[in-house]
Amino acid sequence: MAHSRDKSIGAEFHAQTKYRRGTVPRTRARTAPAYKVYANPREVAALPVPQLRGGSGLWTVLSSAKDGVAEGGRLKQAQLSQLLWGAAGFTFGHERTHLSAVGVSSIETYLVARHVEDLFAGVYHYNPRDHTLEHLSTGDPSDALAANLVGPVDVGAQAVALCFTGIFARHRDGGSGRALRYLCLDVGAAAQSVALACAGMGLASHFLADFYDDELADLLQVDGRGEVPLGVVLVGA
């Protein structure tokens with residue numbers, strides 16, 4: 001019986017979060033800012049200015065493999081800058097680089113750094129407004145990251161992991177299931193941007209949606225309720 005109920009969760013969620021005429025909620029003020037800034041990070045690391053010209057053509061990148069095999073190595077700071085900006089940065093038009101479902105980005109981006117040029121290993125939060133990294137914890141995060149992921153993943157071959165979380169209160173109906181739809185759509189768009197950026201720079205990427213939610217939340221230092229982990233992109237050379 002329990003197995004039967006589990007199979008119907010997705011369909012039931014979709015049914016209960018449908019918009020029907022006369023049921024669309026009234027607009028109300030959002031209860032969370034459009035992006036998150038830490039008041040007292042351990043340290044703030046400025047990233048190189050992202051390169052906005054040149055690179056591989058769009059069709060070349062779209063036709064490239066999105067799930068290459070990492071072989072270890074170290075990311076350059078310039079490569080990391082491109083990845084973070086491509087995932088969730090701001091354009092010159094003050095829009096987020098990834099598509100967002102309702103005009104405001106649901107997501108926050110965290111970096112679990114193992115091997116990056118001139119950057120300490122640890123966990124960071126990406127500040128898209130300033131294009132900086134806010135250092136949250138020090139030390140090699142490899143074991144903790146590997147323990148949080150479900151399935152056979154060679155964390156030792158990865159240089160970094162980009163971890164995406166979603167914040168329900170960014171949306172006018174943040175207390176309803178509809179906001180979860182927006183979070184899932186936004187993280188898919190951001191992860192796709194990372195995969196394309198990796199393909200354009202000859203880096204290997206691997207998108208994961210299977211992890212121990214509460215444990216990954218602890219690693220990223222988020223509450224796991226108002227802000228929840230949604231996806232991880234592993235990146236290696």
# chains A, B, ... in the order shown; residues from 1 in each chain; ligands from 1
>>> select_by_dssp(residues="range 102-231 of chain A", states="strand (DSSP E or B)", output="PyMOL selection string")
chain A and resi 107-113+116+119+122-127+132-138+149+160-167+204-208+211+227-231
>>> residues_around(residues="Leu133 in chain A", least_positions_apart="5", cutoff="8 Å", atoms="only C-alpha atoms", output="count of residues only")
8
>>> residues_around(residues="Gly122 in chain A", least_positions_apart="3", cutoff="12 Å", atoms="only C-alpha atoms", output="PDB file with all heavy atoms, in the first residue's frame")
ATOM      1  N   ARG A  42      33.278  34.445   6.774  1.00  0.00           N
ATOM      2  CA  ARG A  42      34.660  34.334   7.234  1.00  0.00           C
ATOM      3  C   ARG A  42      35.582  35.218   6.404  1.00  0.00           C
ATOM      4  O   ARG A  42      36.524  35.830   6.906  1.00  0.00           O
ATOM      5  CB  ARG A  42      35.134  32.890   7.136  1.00  0.00           C
ATOM      6  CG  ARG A  42      34.470  31.935   8.124  1.00  0.00           C
ATOM      7  CD  ARG A  42      34.913  30.514   7.877  1.00  0.00           C
ATOM      8  NE  ARG A  42      34.327  29.588   8.846  1.00  0.00           N
ATOM      9  CZ  ARG A  42      34.914  29.241   9.976  1.00  0.00           C
ATOM     10  NH1 ARG A  42      36.095  29.731  10.285  1.00  0.00           N
ATOM     11  NH2 ARG A  42      34.332  28.399  10.804  1.00  0.00           N
ATOM     12  N   GLU A  43      35.314  35.266   5.122  1.00  0.00           N
ATOM     13  CA  GLU A  43      36.140  36.021   4.195  1.00  0.00           C
ATOM     14  C   GLU A  43      35.340  36.214   2.916  1.00  0.00           C
ATOM     15  O   GLU A  43      34.444  35.432   2.606  1.00  0.00           O
ATOM     16  CB  GLU A  43      37.435  35.249   3.898  1.00  0.00           C
ATOM     17  CG  GLU A  43      38.437  35.981   3.039  1.00  0.00           C
ATOM     18  CD  GLU A  43      39.695  35.160   2.785  1.00  0.00           C
ATOM     19  OE1 GLU A  43      39.870  34.134   3.458  1.00  0.00           O
ATOM     20  OE2 GLU A  43      40.476  35.554   1.908  1.00  0.00           O
ATOM     21  N   TYR A 110      25.741  27.794  -4.090  1.00  0.00           N
ATOM     22  CA  TYR A 110      26.832  27.549  -3.147  1.00  0.00           C
ATOM     23  C   TYR A 110      27.926  26.769  -3.862  1.00  0.00           C
ATOM     24  O   TYR A 110      27.654  25.926  -4.723  1.00  0.00           O
ATOM     25  CB  TYR A 110      26.332  26.750  -1.944  1.00  0.00           C
ATOM     26  CG  TYR A 110      25.325  27.507  -1.114  1.00  0.00           C
ATOM     27  CD1 TYR A 110      23.983  27.554  -1.496  1.00  0.00           C
ATOM     28  CD2 TYR A 110      25.719  28.209   0.020  1.00  0.00           C
ATOM     29  CE1 TYR A 110      23.055  28.266  -0.761  1.00  0.00           C
ATOM     30  CE2 TYR A 110      24.788  28.923   0.775  1.00  0.00           C
ATOM     31  CZ  TYR A 110      23.465  28.951   0.371  1.00  0.00           C
ATOM     32  OH  TYR A 110      22.548  29.670   1.100  1.00  0.00           O
ATOM     33  N   LEU A 111      29.149  27.058  -3.492  1.00  0.00           N
ATOM     34  CA  LEU A 111      30.311  26.391  -4.075  1.00  0.00           C
ATOM     35  C   LEU A 111      30.963  25.507  -3.024  1.00  0.00           C
ATOM     36  O   LEU A 111      31.324  25.985  -1.943  1.00  0.00           O
ATOM     37  CB  LEU A 111      31.319  27.430  -4.570  1.00  0.00           C
ATOM     38  CG  LEU A 111      32.647  26.869  -5.071  1.00  0.00           C
ATOM     39  CD1 LEU A 111      32.462  26.197  -6.428  1.00  0.00           C
ATOM     40  CD2 LEU A 111      33.709  27.964  -5.162  1.00  0.00           C
ATOM     41  N   VAL A 112      31.073  24.226  -3.335  1.00  0.00           N
ATOM     42  CA  VAL A 112      31.877  23.326  -2.516  1.00  0.00           C
ATOM     43  C   VAL A 112      33.183  23.145  -3.286  1.00  0.00           C
ATOM     44  O   VAL A 112      33.223  22.476  -4.317  1.00  0.00           O
ATOM     45  CB  VAL A 112      31.163  21.980  -2.291  1.00  0.00           C
ATOM     46  CG1 VAL A 112      32.032  21.053  -1.441  1.00  0.00           C
ATOM     47  CG2 VAL A 112      29.811  22.211  -1.615  1.00  0.00           C
ATOM     48  N   ALA A 113      34.231  23.800  -2.798  1.00  0.00           N
ATOM     49  CA  ALA A 113      35.494  23.895  -3.530  1.00  0.00           C
ATOM     50  C   ALA A 113      36.495  22.870  -3.017  1.00  0.00           C
ATOM     51  O   ALA A 113      36.755  22.795  -1.812  1.00  0.00           O
ATOM     52  CB  ALA A 113      36.070  25.302  -3.395  1.00  0.00           C
ATOM     53  N   ARG A 114      37.062  22.091  -3.933  1.00  0.00           N
ATOM     54  CA  ARG A 114      38.122  21.138  -3.608  1.00  0.00           C
ATOM     55  C   ARG A 114      39.456  21.602  -4.185  1.00  0.00           C
ATOM     56  O   ARG A 114      40.424  21.731  -3.463  1.00  0.00           O
ATOM     57  CB  ARG A 114      37.777  19.750  -4.146  1.00  0.00           C
ATOM     58  CG  ARG A 114      36.519  19.126  -3.553  1.00  0.00           C
ATOM     59  CD  ARG A 114      36.346  17.674  -4.009  1.00  0.00           C
ATOM     60  NE  ARG A 114      37.424  16.830  -3.517  1.00  0.00           N
ATOM     61  CZ  ARG A 114      38.392  16.324  -4.290  1.00  0.00           C
ATOM     62  NH1 ARG A 114      38.408  16.579  -5.596  1.00  0.00           N
ATOM     63  NH2 ARG A 114      39.348  15.563  -3.760  1.00  0.00           N
ATOM     64  N   HIS A 115      39.491  21.850  -5.491  1.00  0.00           N
ATOM     65  CA  HIS A 115      40.748  22.228  -6.138  1.00  0.00           C
ATOM     66  C   HIS A 115      40.484  23.401  -7.086  1.00  0.00           C
ATOM     67  O   HIS A 115      40.091  23.201  -8.238  1.00  0.00           O
ATOM     68  CB  HIS A 115      41.332  21.048  -6.920  1.00  0.00           C
ATOM     69  CG  HIS A 115      41.701  19.883  -6.067  1.00  0.00           C
ATOM     70  ND1 HIS A 115      42.637  19.956  -5.062  1.00  0.00           N
ATOM     71  CD2 HIS A 115      41.252  18.604  -6.060  1.00  0.00           C
ATOM     72  CE1 HIS A 115      42.762  18.784  -4.471  1.00  0.00           C
ATOM     73  NE2 HIS A 115      41.922  17.953  -5.052  1.00  0.00           N
ATOM     74  N   VAL A 116      40.699  24.613  -6.586  1.00  0.00           N
ATOM     75  CA  VAL A 116      40.558  25.823  -7.396  1.00  0.00           C
ATOM     76  C   VAL A 116      41.803  26.674  -7.178  1.00  0.00           C
ATOM     77  O   VAL A 116      42.268  26.845  -6.044  1.00  0.00           O
ATOM     78  CB  VAL A 116      39.314  26.646  -7.013  1.00  0.00           C
ATOM     79  CG1 VAL A 116      39.203  27.899  -7.888  1.00  0.00           C
ATOM     80  CG2 VAL A 116      38.050  25.802  -7.138  1.00  0.00           C
ATOM     81  N   LEU A 119      42.357  29.488  -4.190  1.00  0.00           N
ATOM     82  CA  LEU A 119      41.137  29.527  -3.377  1.00  0.00           C
ATOM     83  C   LEU A 119      41.210  28.384  -2.364  1.00  0.00           C
ATOM     84  O   LEU A 119      41.452  27.235  -2.730  1.00  0.00           O
ATOM     85  CB  LEU A 119      39.898  29.369  -4.255  1.00  0.00           C
ATOM     86  CG  LEU A 119      38.543  29.617  -3.582  1.00  0.00           C
ATOM     87  CD1 LEU A 119      38.366  31.102  -3.280  1.00  0.00           C
ATOM     88  CD2 LEU A 119      37.396  29.145  -4.471  1.00  0.00           C
ATOM     89  N   HIS A 125      29.336  30.775  -0.426  1.00  0.00           N
ATOM     90  CA  HIS A 125      28.085  31.251  -1.020  1.00  0.00           C
ATOM     91  C   HIS A 125      28.428  32.254  -2.104  1.00  0.00           C
ATOM     92  O   HIS A 125      29.284  33.127  -1.913  1.00  0.00           O
ATOM     93  CB  HIS A 125      27.199  31.914   0.044  1.00  0.00           C
ATOM     94  CG  HIS A 125      26.004  32.626  -0.526  1.00  0.00           C
ATOM     95  ND1 HIS A 125      25.935  34.002  -0.667  1.00  0.00           N
ATOM     96  CD2 HIS A 125      24.830  32.139  -1.015  1.00  0.00           C
ATOM     97  CE1 HIS A 125      24.768  34.327  -1.190  1.00  0.00           C
ATOM     98  NE2 HIS A 125      24.091  33.230  -1.420  1.00  0.00           N
ATOM     99  N   LEU A 133      32.621  35.558  -3.683  1.00  0.00           N
ATOM    100  CA  LEU A 133      32.356  34.364  -2.897  1.00  0.00           C
ATOM    101  C   LEU A 133      32.460  34.699  -1.420  1.00  0.00           C
ATOM    102  O   LEU A 133      33.454  35.292  -0.982  1.00  0.00           O
ATOM    103  CB  LEU A 133      33.355  33.259  -3.251  1.00  0.00           C
ATOM    104  CG  LEU A 133      33.181  32.591  -4.611  1.00  0.00           C
ATOM    105  CD1 LEU A 133      34.367  31.681  -4.903  1.00  0.00           C
ATOM    106  CD2 LEU A 133      31.880  31.808  -4.672  1.00  0.00           C
ATOM    107  N   GLU A 134      31.450  34.305  -0.661  1.00  0.00           N
ATOM    108  CA  GLU A 134      31.440  34.514   0.782  1.00  0.00           C
ATOM    109  C   GLU A 134      31.809  33.182   1.448  1.00  0.00           C
ATOM    110  O   GLU A 134      31.095  32.188   1.295  1.00  0.00           O
ATOM    111  CB  GLU A 134      30.063  35.009   1.224  1.00  0.00           C
ATOM    112  CG  GLU A 134      29.739  36.357   0.605  1.00  0.00           C
ATOM    113  CD  GLU A 134      28.261  36.702   0.606  1.00  0.00           C
ATOM    114  OE1 GLU A 134      27.423  35.781   0.552  1.00  0.00           O
ATOM    115  OE2 GLU A 134      27.940  37.909   0.632  1.00  0.00           O
ATOM    116  N   HIS A 135      32.924  33.174   2.142  1.00  0.00           N
ATOM    117  CA  HIS A 135      33.486  31.943   2.704  1.00  0.00           C
ATOM    118  C   HIS A 135      32.715  31.566   3.965  1.00  0.00           C
ATOM    119  O   HIS A 135      32.688  32.317   4.938  1.00  0.00           O
ATOM    120  CB  HIS A 135      34.961  32.181   3.026  1.00  0.00           C
ATOM    121  CG  HIS A 135      35.763  30.931   3.103  1.00  0.00           C
ATOM    122  ND1 HIS A 135      37.138  30.919   3.176  1.00  0.00           N
ATOM    123  CD2 HIS A 135      35.398  29.620   3.113  1.00  0.00           C
ATOM    124  CE1 HIS A 135      37.581  29.690   3.236  1.00  0.00           C
ATOM    125  NE2 HIS A 135      36.548  28.872   3.197  1.00  0.00           N
ATOM    126  N   LEU A 136      32.079  30.380   3.945  1.00  0.00           N
ATOM    127  CA  LEU A 136      31.252  29.949   5.067  1.00  0.00           C
ATOM    128  C   LEU A 136      31.974  28.977   5.985  1.00  0.00           C
ATOM    129  O   LEU A 136      31.766  28.985   7.193  1.00  0.00           O
ATOM    130  CB  LEU A 136      29.965  29.295   4.554  1.00  0.00           C
ATOM    131  CG  LEU A 136      29.109  30.130   3.601  1.00  0.00           C
ATOM    132  CD1 LEU A 136      27.848  29.370   3.236  1.00  0.00           C
ATOM    133  CD2 LEU A 136      28.787  31.488   4.192  1.00  0.00           C
ATOM    134  N   SER A 137      32.795  28.080   5.440  1.00  0.00           N
ATOM    135  CA  SER A 137      33.503  27.107   6.270  1.00  0.00           C
ATOM    136  C   SER A 137      34.795  26.699   5.597  1.00  0.00           C
ATOM    137  O   SER A 137      34.907  26.709   4.375  1.00  0.00           O
ATOM    138  CB  SER A 137      32.639  25.870   6.535  1.00  0.00           C
ATOM    139  OG  SER A 137      32.378  25.160   5.346  1.00  0.00           O
ATOM    140  N   THR A 138      35.779  26.344   6.422  1.00  0.00           N
ATOM    141  CA  THR A 138      37.088  25.968   5.911  1.00  0.00           C
ATOM    142  C   THR A 138      37.283  24.454   6.010  1.00  0.00           C
ATOM    143  O   THR A 138      36.525  23.756   6.671  1.00  0.00           O
ATOM    144  CB  THR A 138      38.188  26.675   6.718  1.00  0.00           C
ATOM    145  OG1 THR A 138      38.036  26.334   8.107  1.00  0.00           O
ATOM    146  CG2 THR A 138      38.098  28.180   6.566  1.00  0.00           C
ATOM    147  N   GLY A 139      38.329  23.989   5.356  1.00  0.00           N
ATOM    148  CA  GLY A 139      38.652  22.571   5.415  1.00  0.00           C
ATOM    149  C   GLY A 139      38.192  21.827   4.174  1.00  0.00           C
ATOM    150  O   GLY A 139      37.311  22.285   3.437  1.00  0.00           O
ATOM    151  N   ASP A 140      38.792  20.679   3.941  1.00  0.00           N
ATOM    152  CA  ASP A 140      38.466  19.860   2.774  1.00  0.00           C
ATOM    153  C   ASP A 140      37.065  19.279   2.924  1.00  0.00           C
ATOM    154  O   ASP A 140      36.798  18.504   3.846  1.00  0.00           O
ATOM    155  CB  ASP A 140      39.486  18.731   2.652  1.00  0.00           C
ATOM    156  CG  ASP A 140      39.320  17.925   1.372  1.00  0.00           C
ATOM    157  OD1 ASP A 140      38.319  18.140   0.654  1.00  0.00           O
ATOM    158  OD2 ASP A 140      40.181  17.071   1.101  1.00  0.00           O
ATOM    159  N   PRO A 141      36.131  19.633   2.022  1.00  0.00           N
ATOM    160  CA  PRO A 141      34.753  19.159   2.136  1.00  0.00           C
ATOM    161  C   PRO A 141      34.501  17.840   1.418  1.00  0.00           C
ATOM    162  O   PRO A 141      33.348  17.409   1.308  1.00  0.00           O
ATOM    163  CB  PRO A 141      33.969  20.292   1.464  1.00  0.00           C
ATOM    164  CG  PRO A 141      34.893  20.742   0.361  1.00  0.00           C
ATOM    165  CD  PRO A 141      36.300  20.572   0.888  1.00  0.00           C
ATOM    166  N   SER A 142      35.538  17.183   0.922  1.00  0.00           N
ATOM    167  CA  SER A 142      35.372  16.024   0.043  1.00  0.00           C
ATOM    168  C   SER A 142      34.571  14.908   0.688  1.00  0.00           C
ATOM    169  O   SER A 142      33.627  14.363   0.091  1.00  0.00           O
ATOM    170  CB  SER A 142      36.734  15.487  -0.400  1.00  0.00           C
ATOM    171  OG  SER A 142      37.479  16.483  -1.058  1.00  0.00           O
ATOM    172  N   ASP A 143      34.943  14.516   1.907  1.00  0.00           N
ATOM    173  CA  ASP A 143      34.271  13.396   2.560  1.00  0.00           C
ATOM    174  C   ASP A 143      32.803  13.708   2.831  1.00  0.00           C
ATOM    175  O   ASP A 143      31.922  12.867   2.623  1.00  0.00           O
ATOM    176  CB  ASP A 143      34.982  13.034   3.863  1.00  0.00           C
ATOM    177  CG  ASP A 143      36.346  12.394   3.626  1.00  0.00           C
ATOM    178  OD1 ASP A 143      36.603  11.952   2.488  1.00  0.00           O
ATOM    179  OD2 ASP A 143      37.150  12.352   4.575  1.00  0.00           O
ATOM    180  N   ALA A 144      32.543  14.929   3.316  1.00  0.00           N
ATOM    181  CA  ALA A 144      31.160  15.312   3.612  1.00  0.00           C
ATOM    182  C   ALA A 144      30.324  15.342   2.343  1.00  0.00           C
ATOM    183  O   ALA A 144      29.178  14.874   2.324  1.00  0.00           O
ATOM    184  CB  ALA A 144      31.127  16.678   4.304  1.00  0.00           C
ATOM    185  N   LEU A 145      30.877  15.875   1.261  1.00  0.00           N
ATOM    186  CA  LEU A 145      30.141  15.922  -0.009  1.00  0.00           C
ATOM    187  C   LEU A 145      29.859  14.515  -0.512  1.00  0.00           C
ATOM    188  O   LEU A 145      28.730  14.200  -0.907  1.00  0.00           O
ATOM    189  CB  LEU A 145      30.930  16.712  -1.044  1.00  0.00           C
ATOM    190  CG  LEU A 145      30.297  16.810  -2.438  1.00  0.00           C
ATOM    191  CD1 LEU A 145      28.972  17.550  -2.379  1.00  0.00           C
ATOM    192  CD2 LEU A 145      31.248  17.500  -3.412  1.00  0.00           C
ATOM    193  N   ALA A 159      36.700  18.960  -9.268  1.00  0.00           N
ATOM    194  CA  ALA A 159      37.350  20.151  -8.717  1.00  0.00           C
ATOM    195  C   ALA A 159      36.402  20.912  -7.789  1.00  0.00           C
ATOM    196  O   ALA A 159      36.804  21.389  -6.729  1.00  0.00           O
ATOM    197  CB  ALA A 159      37.826  21.064  -9.838  1.00  0.00           C
ATOM    198  N   VAL A 160      35.134  21.021  -8.201  1.00  0.00           N
ATOM    199  CA  VAL A 160      34.148  21.760  -7.411  1.00  0.00           C
ATOM    200  C   VAL A 160      32.782  21.113  -7.578  1.00  0.00           C
ATOM    201  O   VAL A 160      32.545  20.330  -8.505  1.00  0.00           O
ATOM    202  CB  VAL A 160      34.035  23.249  -7.841  1.00  0.00           C
ATOM    203  CG1 VAL A 160      35.358  23.970  -7.701  1.00  0.00           C
ATOM    204  CG2 VAL A 160      33.497  23.376  -9.262  1.00  0.00           C
ATOM    205  N   ALA A 161      31.888  21.474  -6.694  1.00  0.00           N
ATOM    206  CA  ALA A 161      30.462  21.179  -6.858  1.00  0.00           C
ATOM    207  C   ALA A 161      29.703  22.477  -6.703  1.00  0.00           C
ATOM    208  O   ALA A 161      29.945  23.230  -5.744  1.00  0.00           O
ATOM    209  CB  ALA A 161      29.993  20.161  -5.824  1.00  0.00           C
ATOM    210  N   LEU A 219      25.573  20.798   5.319  1.00  0.00           N
ATOM    211  CA  LEU A 219      26.859  21.151   4.719  1.00  0.00           C
ATOM    212  C   LEU A 219      26.844  22.580   4.191  1.00  0.00           C
ATOM    213  O   LEU A 219      27.830  23.316   4.323  1.00  0.00           O
ATOM    214  CB  LEU A 219      27.191  20.170   3.597  1.00  0.00           C
ATOM    215  CG  LEU A 219      28.492  20.431   2.821  1.00  0.00           C
ATOM    216  CD1 LEU A 219      29.709  20.314   3.734  1.00  0.00           C
ATOM    217  CD2 LEU A 219      28.612  19.485   1.638  1.00  0.00           C
ATOM    218  N   LEU A 220      25.716  22.991   3.610  1.00  0.00           N
ATOM    219  CA  LEU A 220      25.599  24.329   3.027  1.00  0.00           C
ATOM    220  C   LEU A 220      25.175  25.380   4.051  1.00  0.00           C
ATOM    221  O   LEU A 220      25.081  26.562   3.725  1.00  0.00           O
ATOM    222  CB  LEU A 220      24.585  24.308   1.875  1.00  0.00           C
ATOM    223  CG  LEU A 220      24.870  23.315   0.746  1.00  0.00           C
ATOM    224  CD1 LEU A 220      23.779  23.397  -0.314  1.00  0.00           C
ATOM    225  CD2 LEU A 220      26.247  23.556   0.127  1.00  0.00           C
TER     226      LEU A 220
END
>>> closest_atom_pairs(of="range 53-123 of chain A", to="range 201-210 of chain A", cutoff="8 Å", atoms="only C-alpha atoms", output="tab-separated table")
residue	atom	partner	partner_atom	distance
A:Gly55	CA	A:Met201	CA	7.8
A:Ser56	CA	A:Met201	CA	7.9
A:Lys66	CA	A:Ser205	CA	6.4
A:Asp67	CA	A:His206	CA	5.2
A:Gly68	CA	A:Ala204	CA	4.4
A:Val69	CA	A:Ala204	CA	5.7
A:Ala70	CA	A:Ala204	CA	5.3
A:Gln79	CA	A:Met201	CA	7.7
>>> closest_residue(among="A:Leu75, A:Cys184, A:Val24, A:Val104", to="Phe90 in chain A", atoms="only C-alpha atoms")
A:Val104
>>> select_by_dssp(residues="range 2-209 of chain A", states="helix (DSSP H, G or I)", output="PyMOL selection string")
chain A and resi 2-7+9-16+58-62+77-88+142-148+155-157+168-170+178-201
>>> write_last_selection(atoms="C-alpha atoms", output="CSV table (one decimal), in the first residue's frame")
chain,number,residue,atom,x,y,z
A,2,ALA,CA,2.8,2.4,0.9
A,3,HIS,CA,4.5,1.8,-2.4
A,4,SER,CA,1.2,2.6,-4.3
A,5,ARG,CA,0.9,5.8,-2.4
A,6,ASP,CA,4.5,6.8,-3.2
A,7,LYS,CA,3.8,6.3,-6.9
A,9,ILE,CA,2.8,11.6,-5.0
A,10,GLY,CA,3.9,13.3,-8.2
A,11,ALA,CA,0.5,13.3,-9.9
A,12,GLU,CA,-1.2,14.3,-6.6
A,13,PHE,CA,1.2,17.2,-6.2
A,14,HIS,CA,0.6,18.4,-9.8
A,15,ALA,CA,-3.2,18.2,-9.3
A,16,GLN,CA,-3.1,20.1,-6.1
A,58,LEU,CA,26.0,28.4,-29.3
A,59,TRP,CA,25.2,25.5,-31.7
A,60,THR,CA,28.6,23.9,-31.1
A,61,VAL,CA,28.1,24.0,-27.3
A,62,LEU,CA,24.5,22.7,-27.5
A,77,GLN,CA,39.7,31.1,-11.1
A,78,ALA,CA,38.7,32.5,-14.5
A,79,GLN,CA,36.9,29.3,-15.3
A,80,LEU,CA,35.1,29.3,-11.9
A,81,SER,CA,34.1,32.9,-12.5
A,82,GLN,CA,32.5,32.0,-15.9
A,83,LEU,CA,30.6,29.1,-14.3
A,84,LEU,CA,29.2,31.0,-11.4
A,85,TRP,CA,28.2,34.0,-13.6
A,86,GLY,CA,26.7,31.7,-16.2
A,87,ALA,CA,24.7,29.9,-13.5
A,88,ALA,CA,23.3,32.7,-11.5
A,142,SER,CA,35.4,16.0,0.0
A,143,ASP,CA,34.3,13.4,2.6
A,144,ALA,CA,31.2,15.3,3.6
A,145,LEU,CA,30.1,15.9,0.0
A,146,ALA,CA,30.7,12.3,-1.0
A,147,ALA,CA,28.7,11.1,2.0
A,148,ASN,CA,25.7,13.3,1.0
A,155,VAL,CA,34.0,13.0,-5.8
A,156,GLY,CA,37.8,12.7,-5.8
A,157,ALA,CA,37.9,13.5,-9.5
A,168,PHE,CA,10.0,29.5,-1.2
A,169,ALA,CA,9.4,33.0,0.2
A,170,ARG,CA,10.7,34.7,-3.0
A,178,ARG,CA,3.0,26.3,-6.5
A,179,ALA,CA,6.3,27.9,-5.4
A,180,LEU,CA,8.0,24.5,-5.5
A,181,ARG,CA,7.2,24.3,-9.2
A,182,TYR,CA,9.1,27.6,-9.7
A,183,LEU,CA,12.0,26.4,-7.6
A,184,CYS,CA,12.4,23.2,-9.7
A,185,LEU,CA,12.1,25.1,-13.0
A,186,ASP,CA,14.7,27.6,-12.0
A,187,VAL,CA,17.3,25.1,-10.8
A,188,GLY,CA,16.9,23.2,-14.0
A,189,ALA,CA,17.6,26.4,-16.0
A,190,ALA,CA,20.7,27.2,-13.8
A,191,ALA,CA,22.1,23.7,-14.1
A,192,GLN,CA,21.7,23.8,-17.9
A,193,SER,CA,23.6,27.0,-18.0
A,194,VAL,CA,26.4,25.5,-16.0
A,195,ALA,CA,26.5,22.4,-18.3
A,196,LEU,CA,26.7,24.7,-21.4
A,197,ALA,CA,29.4,26.8,-19.8
A,198,CYS,CA,31.4,23.6,-19.0
A,199,ALA,CA,31.0,22.3,-22.6
A,200,GLY,CA,32.2,25.7,-23.9
A,201,MET,CA,35.4,25.5,-21.8
>>> atom_distance(atom1="CA of Glu108 in chain A", atom2="CA of Cys163 in chain A")
8.3 Å
>>> decode(residues="range 40-44 of chain A", atoms="all heavy atoms", output="compact mmCIF listing (two decimals), in the first residue's frame")
# COMPACT_ATOMS: atom_id res chain seq x y z
N ASN A 40 28.29 38.48 7.90
CA ASN A 40 29.61 38.24 8.50
C ASN A 40 30.24 36.94 8.00
O ASN A 40 30.45 36.01 8.78
CB ASN A 40 29.49 38.20 10.02
CG ASN A 40 29.04 39.52 10.60
OD1 ASN A 40 29.74 40.52 10.47
ND2 ASN A 40 27.88 39.53 11.24
N PRO A 41 30.55 36.86 6.70
CA PRO A 41 31.24 35.65 6.23
C PRO A 41 32.66 35.62 6.78
O PRO A 41 33.21 36.65 7.21
CB PRO A 41 31.24 35.82 4.71
CG PRO A 41 31.18 37.30 4.50
CD PRO A 41 30.34 37.84 5.63
N ARG A 42 33.28 34.44 6.77
CA ARG A 42 34.66 34.33 7.23
C ARG A 42 35.58 35.22 6.40
O ARG A 42 36.52 35.83 6.91
CB ARG A 42 35.13 32.89 7.14
CG ARG A 42 34.47 31.93 8.12
CD ARG A 42 34.91 30.51 7.88
NE ARG A 42 34.33 29.59 8.85
CZ ARG A 42 34.91 29.24 9.98
NH1 ARG A 42 36.09 29.73 10.28
NH2 ARG A 42 34.33 28.40 10.80
N GLU A 43 35.31 35.27 5.12
CA GLU A 43 36.14 36.02 4.20
C GLU A 43 35.34 36.21 2.92
O GLU A 43 34.44 35.43 2.61
CB GLU A 43 37.43 35.25 3.90
CG GLU A 43 38.44 35.98 3.04
CD GLU A 43 39.70 35.16 2.78
OE1 GLU A 43 39.87 34.13 3.46
OE2 GLU A 43 40.48 35.55 1.91
N VAL A 44 35.63 37.28 2.18
CA VAL A 44 35.00 37.52 0.88
C VAL A 44 36.08 37.47 -0.18
O VAL A 44 37.09 38.18 -0.09
CB VAL A 44 34.27 38.87 0.85
CG1 VAL A 44 33.72 39.15 -0.55
CG2 VAL A 44 33.13 38.89 1.87
